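Here's the structure we're looking at; comments come further down.
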Amino acid sequence: MISKENLASVVRRYGVLFALIIVFAVFSFMEPTFYSVRNILSIIRQASITGILAIGLTTVVIAGEFDMSFASLAGFSGVLSVILMGKLFMGAIPAWIISLLAALGVGALNGMVILFIGVPSIITTIGMMTLLAGFTKWLTGGSTYYSAKFPEIFPFLGRSFLFETIPMPVIIFAIIIAIYVVVLEHTKIGRFFHAVGGNPKASEHVGIKVRKVKFIALLISGFMAGLAGIMIGSLLGSGTPAMGDGYLMPGISAMFIGAVFLRDGVPNIWGTVIGSLLLSVLTNGFVMINLPFYMKEIVLGAVLIGSVSMVAIFKKGSIPGVNLL
Amino acid sequence: MSDKNIVLKTVSISKSFPGVKALNNVDFDLLEGEIHAICGENGAGKSTLCNVLTGIVRPDEGNVFLNGAEVRLTHPSQALRLGIRMVYQERNLIPYLTGAQNILLREEPVKGGFLIDEKAILSKAEDLSELYNLRVPLGIPVALLSSAQRQAIEILRAFLYKPKILILDEPTSSLTEAEVKSLFSAIHQIKDEGVSVILITHKLEEVFENADRISIFRNGERVTTRNKEDLSEEEAIRLMVNRNISSLFPEVTNRSGDKILQVENLSGSGFLKDISIHLNKGEVLGLYGLIGSGRTEFIEHLYGLRETKIGRVIVKGKEVQPNVHRMIEEGVFLVPDDRREKGLLTSLNLKKNLTISYIDEFSRLMGVVSAKKENSLVKSILDKSSLSLKYSNINQDVQVLSGGNQQKVVIGRWISKDHMSVLILDDPTNGIDVGTKFEIYKMIRSLAEEKSAGVIFISSELPELIGVSDRLYVFKEGRISGELSREEFDDEKILSMAL
């Protein structure tokens, strides 16, 4: 038997999942091609890239900081990999590795400014976001960069399919989720992320190196941004100056939406995954039902504020990592 | 004295907080134009009474009468309107406004209907400062002023409103003697203008020099109120501490051994000066001092939470540069003073809070933790009879536990560590019920006597320190003002060393 209170708690815990199903059903009803296998795979592929970025952000927020630079960093490392292949004739694998290392370097730089100089993370990463946007424009010369001499395996990360059906980004996303569930719930560092995010002073008292743990979280966010970036480059088959920008709002929203899934207002991995799917369904659906061009931003903005409001209501006021100054 | 009017009167005020009776049936009265000092140990109920009078705390029972009429004080702004004004120990000034701007905050003279008249602000503030002979720079931001100057500005701000009742909480805690003199002459002047002053201070000399009447509080009760002439300093101390303490504590058998921890000539944090202590194996060492005497800061230096540049720390014969990891490695553990702020990991559940300090012992390659080992560890910690933690589920949220059980969680973190050599407990019984207090005392004794650890026990409550410790150091104003062995324990003596 399900009592009233149980029902309320189920709705609250799984509300995001219900929302996903409802939104999906509504779009399917309005536009039958929306639920074609082809489109569903495309939605999941999109969600994978948003999700990888959002997982990086989730880590940082659990550890009590914030990252606004991940989308811009994805754009930067994606463009960097494309330029290395097209202009310097590098193989895809070295170009990808260098781009990932560059993204890690940016994560480390964020970490140094935030943790050793003491600039609030949201300010630091807004600065980094803008700074990287400039570098990305410089690398591309301000317009889409394309070369006929891209290596053959360039499309592998973004556009290839396993067994000719499952998009490669989905495979990569699944692997990352699997690793991450273990890392966050079953390793020391995962527990330390939660500890320093919840109470840095108490963490210090039990001997946790608070700055080191937060630094690792920022490195992870940098790595995820780099990975998503080279996947976006591979998916597009070119480099454009703003190719990461569209992931900022969906990534942040996915993390906050996820924070009301299962737990009351604490960012978590499964919540972020479902949040990413929901965002991807929304953005894909807007295109499919021919929503006016201005509606996408209006809805995404409303979704972000709405999801953070839910977190604020469930947590009764305090949101970890969003204590701005 | 008796011909003066009673301005303020409380009748059987009681107030309880979880686990403590902060005020118990308190009758108190204040005469027009008197300085009335309230004395008592930390936790005697002085600040709760003032919080009731300023509307911050609502009493459970009892009435407050102002000029004979009953008032219900429900909010600080209401107390202000009725002319009750308090100057708090911590400064409440806006740092980037000037002294004059702070004094006339919300009382700014205007010209032309809405423009603030800066000249008038300065001249008004200057008049006030001259009238009461409290000379402070009024035209520069208060952030640039010394602590004493800021205190003077606070006082002038309070004088501006000409309250009926002025409550001063430790007004001289950071002042030099000359500054204290000029402050009190201003206070006497406003008293002569008919203002009634309640003075809360730990400094008995000031009380006897300046007060007209003195009330002694102890354990939430007003013990006595007398004219200054009818009370001696010695008697005041005796009345403040007098308690029957023999049966509230476990039996003490001292078998302390070699030195396990030494601190030599430690200075730091701006006011800790030349502190040397030692701790023996199997010994419970008490540290006593009033709040602000430097005991917590000293411990934070010792544990490596503050950087120590001057002084040596020697653990088991080896000199150690204090940092938290090194101290934990050496088996020196700290249970911090504010369990919500510094103790509980609020985002982790009960189990994970208990096991966080043992995590290396049950994690495998790549830092993957073994759930099986962790669960058996939790069981062994919780089964320890000395802890007796009450909980419903090991995965429950730590924030819903009672204060006493939360404290046990923080203690439980260290209690099963095999290599414990020193356990430091900073004010562990603060806000905890009597039953749990006794359990903590027992645990402290058993750690020393059975595990032969050295225990440092810090408290503001003298009776429990006397009941549990083998030896005692007294802190006063950043220095050690005395060391006593158990045979020499005497609460009047200890209190006079701390005051």
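Every chain in the structure tokens takes a letter, A first, then B, and so on in the order presented; its residues are numbered from 1, and the ligands are numbered from 1 following the presented order.
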
Compile the residues of chain B that lie within 6 Å of chain A, evaluated using only C-alpha atoms, and express the compilation as a ChimeraX atom specification.
/B:324-325,342-343,345-347,367-369

Take the residues that were just selected and, keeping C-alpha atoms, output them as a PDB file, in the first residue's frame.
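Just written: out-v4.pdb:
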```
ATOM      1  CA  VAL B 324      47.419  18.665  11.364  1.00  0.00           C
ATOM      2  CA  HIS B 325      48.660  15.634   9.406  1.00  0.00           C
ATOM      3  CA  LYS B 342      34.364  22.565  13.299  1.00  0.00           C
ATOM      4  CA  GLY B 343      33.330  19.029  14.159  1.00  0.00           C
ATOM      5  CA  LEU B 345      30.811  16.812   8.482  1.00  0.00           C
ATOM      6  CA  THR B 346      27.285  17.902   7.712  1.00  0.00           C
ATOM      7  CA  SER B 347      27.131  16.417   4.224  1.00  0.00           C
ATOM      8  CA  GLY B 367      41.496   4.562  -2.658  1.00  0.00           C
ATOM      9  CA  VAL B 368      38.490   2.303  -3.146  1.00  0.00           C
ATOM     10  CA  VAL B 369      36.852   1.842   0.236  1.00  0.00           C
TER      11      VAL B 369
END
```

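The shell of residues at most 8 Å from stretch 11-26 of chain A, with only C-alpha atoms counted and near chain neighbours (fewer than 4 positions) removed, consists of Leu7, Met30, Ile257, Gly258, Val260, Phe261, Leu262, Arg263, Asp264, Ile274, Gly275, Leu277, Leu278, Val281 and Leu282 of chain A.
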
For the selection you just gave me, I'd like the residues written to a file as a short mmCIF file (atom, residue, chain, number, x, y, z; two decimals), in the first residue's frame, keeping C-alpha atoms.
```cif
data_model
loop_
_atom_site.label_atom_id
_atom_site.label_comp_id
_atom_site.auth_asym_id
_atom_site.auth_seq_id
_atom_site.Cartn_x
_atom_site.Cartn_y
_atom_site.Cartn_z
CA LEU A 7 3.51 9.15 -2.57
CA MET A 30 3.26 16.95 -31.13
CA ILE A 257 17.99 19.71 -11.83
CA GLY A 258 19.89 16.61 -10.81
CA VAL A 260 16.64 17.49 -6.61
CA PHE A 261 16.71 13.91 -7.91
CA LEU A 262 17.01 11.21 -5.20
CA ARG A 263 18.59 13.58 -2.69
CA ASP A 264 17.19 16.81 -1.34
CA ILE A 274 18.86 12.50 -15.84
CA GLY A 275 19.14 16.27 -15.87
CA LEU A 277 18.78 13.85 -20.72
CA LEU A 278 15.97 16.24 -19.82
CA VAL A 281 15.11 16.36 -24.87
CA LEU A 282 14.08 19.98 -24.41
#
```

Those of stretch 54-236 of chain A in DSSP strand (DSSP E or B), formatted as number ranges by chain:
A: 145, 161-162, 166-167, 187

Using only C-alpha atoms, determine which residues lie at most 8 Å from B:Ser481, disregarding the query and same-chain residues fewer than 5 positions distant; provide the list as an mmCIF file with C-alpha atoms, in the first residue's frame.
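And here's out19.cif as it stands now:
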```cif
data_model
loop_
_atom_site.group_PDB
_atom_site.id
_atom_site.type_symbol
_atom_site.label_atom_id
_atom_site.label_comp_id
_atom_site.auth_asym_id
_atom_site.auth_seq_id
_atom_site.Cartn_x
_atom_site.Cartn_y
_atom_site.Cartn_z
ATOM 1 C CA TYR B 473 47.005 25.332 33.925
ATOM 2 C CA VAL B 474 45.207 28.674 34.091
ATOM 3 C CA PHE B 475 45.176 30.996 31.076
ATOM 4 C CA LYS B 476 44.824 34.732 31.385
ATOM 5 C CA MET B 497 44.317 33.547 38.722
ATOM 6 C CA ALA B 498 42.006 33.756 35.716
#
```

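Every protein or nucleic acid residue with an atom no more than 7 Å from B:Asn323, counting only C-alpha atoms and leaving out same-chain residues fewer than 4 positions away, appears here: Tyr303, Gly304, Leu305 and Met327 of chain B.
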
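When only C-alpha atoms are used to measure the gap to A:Ile43, the shortest distance among A:Met295, A:Leu236, A:Leu218, A:Val170 belongs to A:Val170.
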
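Atom pair atom CA of B:Val263 / atom CA of B:Val313 has a distance of 4.6 Å (rounded to one decimal).
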
Using only C-alpha atoms, pick whichever of B:Ala79, B:Leu423, B:Met240, B:Ala148 has the shortest atom-to-atom distance to B:Glu177.
B:Ala148

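Excluding stretch 354-366 of chain B itself and any same-chain residue fewer than 4 positions from it, the protein and nucleic acid residues within 8 Å of it, counting only C-alpha atoms, are Thr187, Lys188, Val206 and Gly207 of chain A; Leu350, Ser370, Lys373, Glu374, Leu377, Val378, Val409, Val410, Gly412, Arg413, Trp414 and Lys417 of chain B.
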
Expected file contents, prior selection, C-alpha atoms, as a short mmCIF file (atom, residue, chain, number, x, y, z; two decimals), in the first residue's frame:
```
data_model
loop_
_atom_site.label_atom_id
_atom_site.label_comp_id
_atom_site.auth_asym_id
_atom_site.auth_seq_id
_atom_site.Cartn_x
_atom_site.Cartn_y
_atom_site.Cartn_z
CA THR A 187 36.52 5.92 -2.86
CA LYS A 188 38.35 8.12 -0.42
CA VAL A 206 40.21 15.48 10.75
CA GLY A 207 43.29 15.94 8.62
CA LEU B 350 26.54 9.12 10.81
CA SER B 370 35.75 -1.57 1.45
CA LYS B 373 35.48 -3.37 6.57
CA GLU B 374 33.87 0.02 7.07
CA LEU B 377 34.61 -0.75 12.01
CA VAL B 378 31.47 1.29 12.68
CA VAL B 409 30.28 11.25 17.08
CA VAL B 410 33.15 13.73 17.02
CA GLY B 412 34.16 8.53 18.37
CA ARG B 413 36.23 9.54 15.39
CA TRP B 414 39.37 9.26 17.48
CA LYS B 417 42.60 4.85 17.02
#
```

Name the residues in contact with B:Leu261 at a cut-off of 8 Å, using only C-alpha atoms, excluding same-chain residues fewer than 4 positions from it; report them as JSON, numbers by chain.
{"B": [278, 279, 280, 313, 314, 315, 316, 317, 422]}

For the residues selected in the previous step, produce a file with C-alpha atoms as an mmCIF file, in the first residue's frame.
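Generated output (result_3.cif):
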```cif
data_model
loop_
_atom_site.group_PDB
_atom_site.id
_atom_site.type_symbol
_atom_site.label_atom_id
_atom_site.label_comp_id
_atom_site.auth_asym_id
_atom_site.auth_seq_id
_atom_site.Cartn_x
_atom_site.Cartn_y
_atom_site.Cartn_z
ATOM 1 C CA HIS B 278 53.892 19.604 29.542
ATOM 2 C CA LEU B 279 51.611 16.580 29.594
ATOM 3 C CA ASN B 280 52.390 13.163 31.037
ATOM 4 C CA VAL B 313 56.395 21.399 20.271
ATOM 5 C CA ILE B 314 57.828 18.068 21.386
ATOM 6 C CA VAL B 315 55.795 14.870 21.046
ATOM 7 C CA LYS B 316 57.196 11.714 22.672
ATOM 8 C CA GLY B 317 60.645 13.271 22.854
ATOM 9 C CA VAL B 422 47.189 12.607 23.213
#
```

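All residues in stretch 185-278 of chain B with a DSSP state of alpha helix (DSSP H), computed from the backbone, read Ser185, Ala186, Ile187, His188, Gln189, Ile190, Lys191, Asp192, Leu204, Glu205, Glu206, Val207, Phe208, Glu209, Asn210, Glu233, Glu234, Glu235, Ala236, Ile237, Arg238, Leu239, Met240 and Val241 of chain B.
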
Find, counting only C-alpha atoms, the residue in B:Ile328, B:Val195, B:Ile458, B:Ile432 that gets nearest to B:Thr296.
B:Ile458

Test item: residues at most 10 Å from B:Glu487, only C-alpha atoms, excluding those fewer than 2 positions along its chain, as a ChimeraX atom specification:
/B:470-471,484-485,489-490

Now that the selection is made, can you save its residues with N, CA and C atoms as a PDB file, in the first residue's frame?
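File written: selection31.pdb
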```pdb
ATOM      1  N   ASP B 470      43.954  15.949  36.679  1.00  0.00           N
ATOM      2  CA  ASP B 470      45.027  15.648  37.611  1.00  0.00           C
ATOM      3  C   ASP B 470      45.859  16.889  37.896  1.00  0.00           C
ATOM      4  N   ARG B 471      45.910  17.755  36.885  1.00  0.00           N
ATOM      5  CA  ARG B 471      46.726  18.956  37.013  1.00  0.00           C
ATOM      6  C   ARG B 471      46.052  20.015  36.160  1.00  0.00           C
ATOM      7  N   LEU B 484      48.621  24.252  38.793  1.00  0.00           N
ATOM      8  CA  LEU B 484      48.295  23.654  40.080  1.00  0.00           C
ATOM      9  C   LEU B 484      48.173  22.146  39.953  1.00  0.00           C
ATOM     10  N   SER B 485      48.645  21.423  40.950  1.00  0.00           N
ATOM     11  CA  SER B 485      48.423  19.978  40.972  1.00  0.00           C
ATOM     12  C   SER B 485      47.123  19.713  41.722  1.00  0.00           C
ATOM     13  N   PHE B 489      44.206  22.169  44.152  1.00  0.00           N
ATOM     14  CA  PHE B 489      42.998  22.716  43.531  1.00  0.00           C
ATOM     15  C   PHE B 489      42.141  23.454  44.554  1.00  0.00           C
ATOM     16  N   ASP B 490      41.736  24.639  44.170  1.00  0.00           N
ATOM     17  CA  ASP B 490      40.901  25.444  45.039  1.00  0.00           C
ATOM     18  C   ASP B 490      40.215  26.467  44.157  1.00  0.00           C
TER      19      ASP B 490
END
```
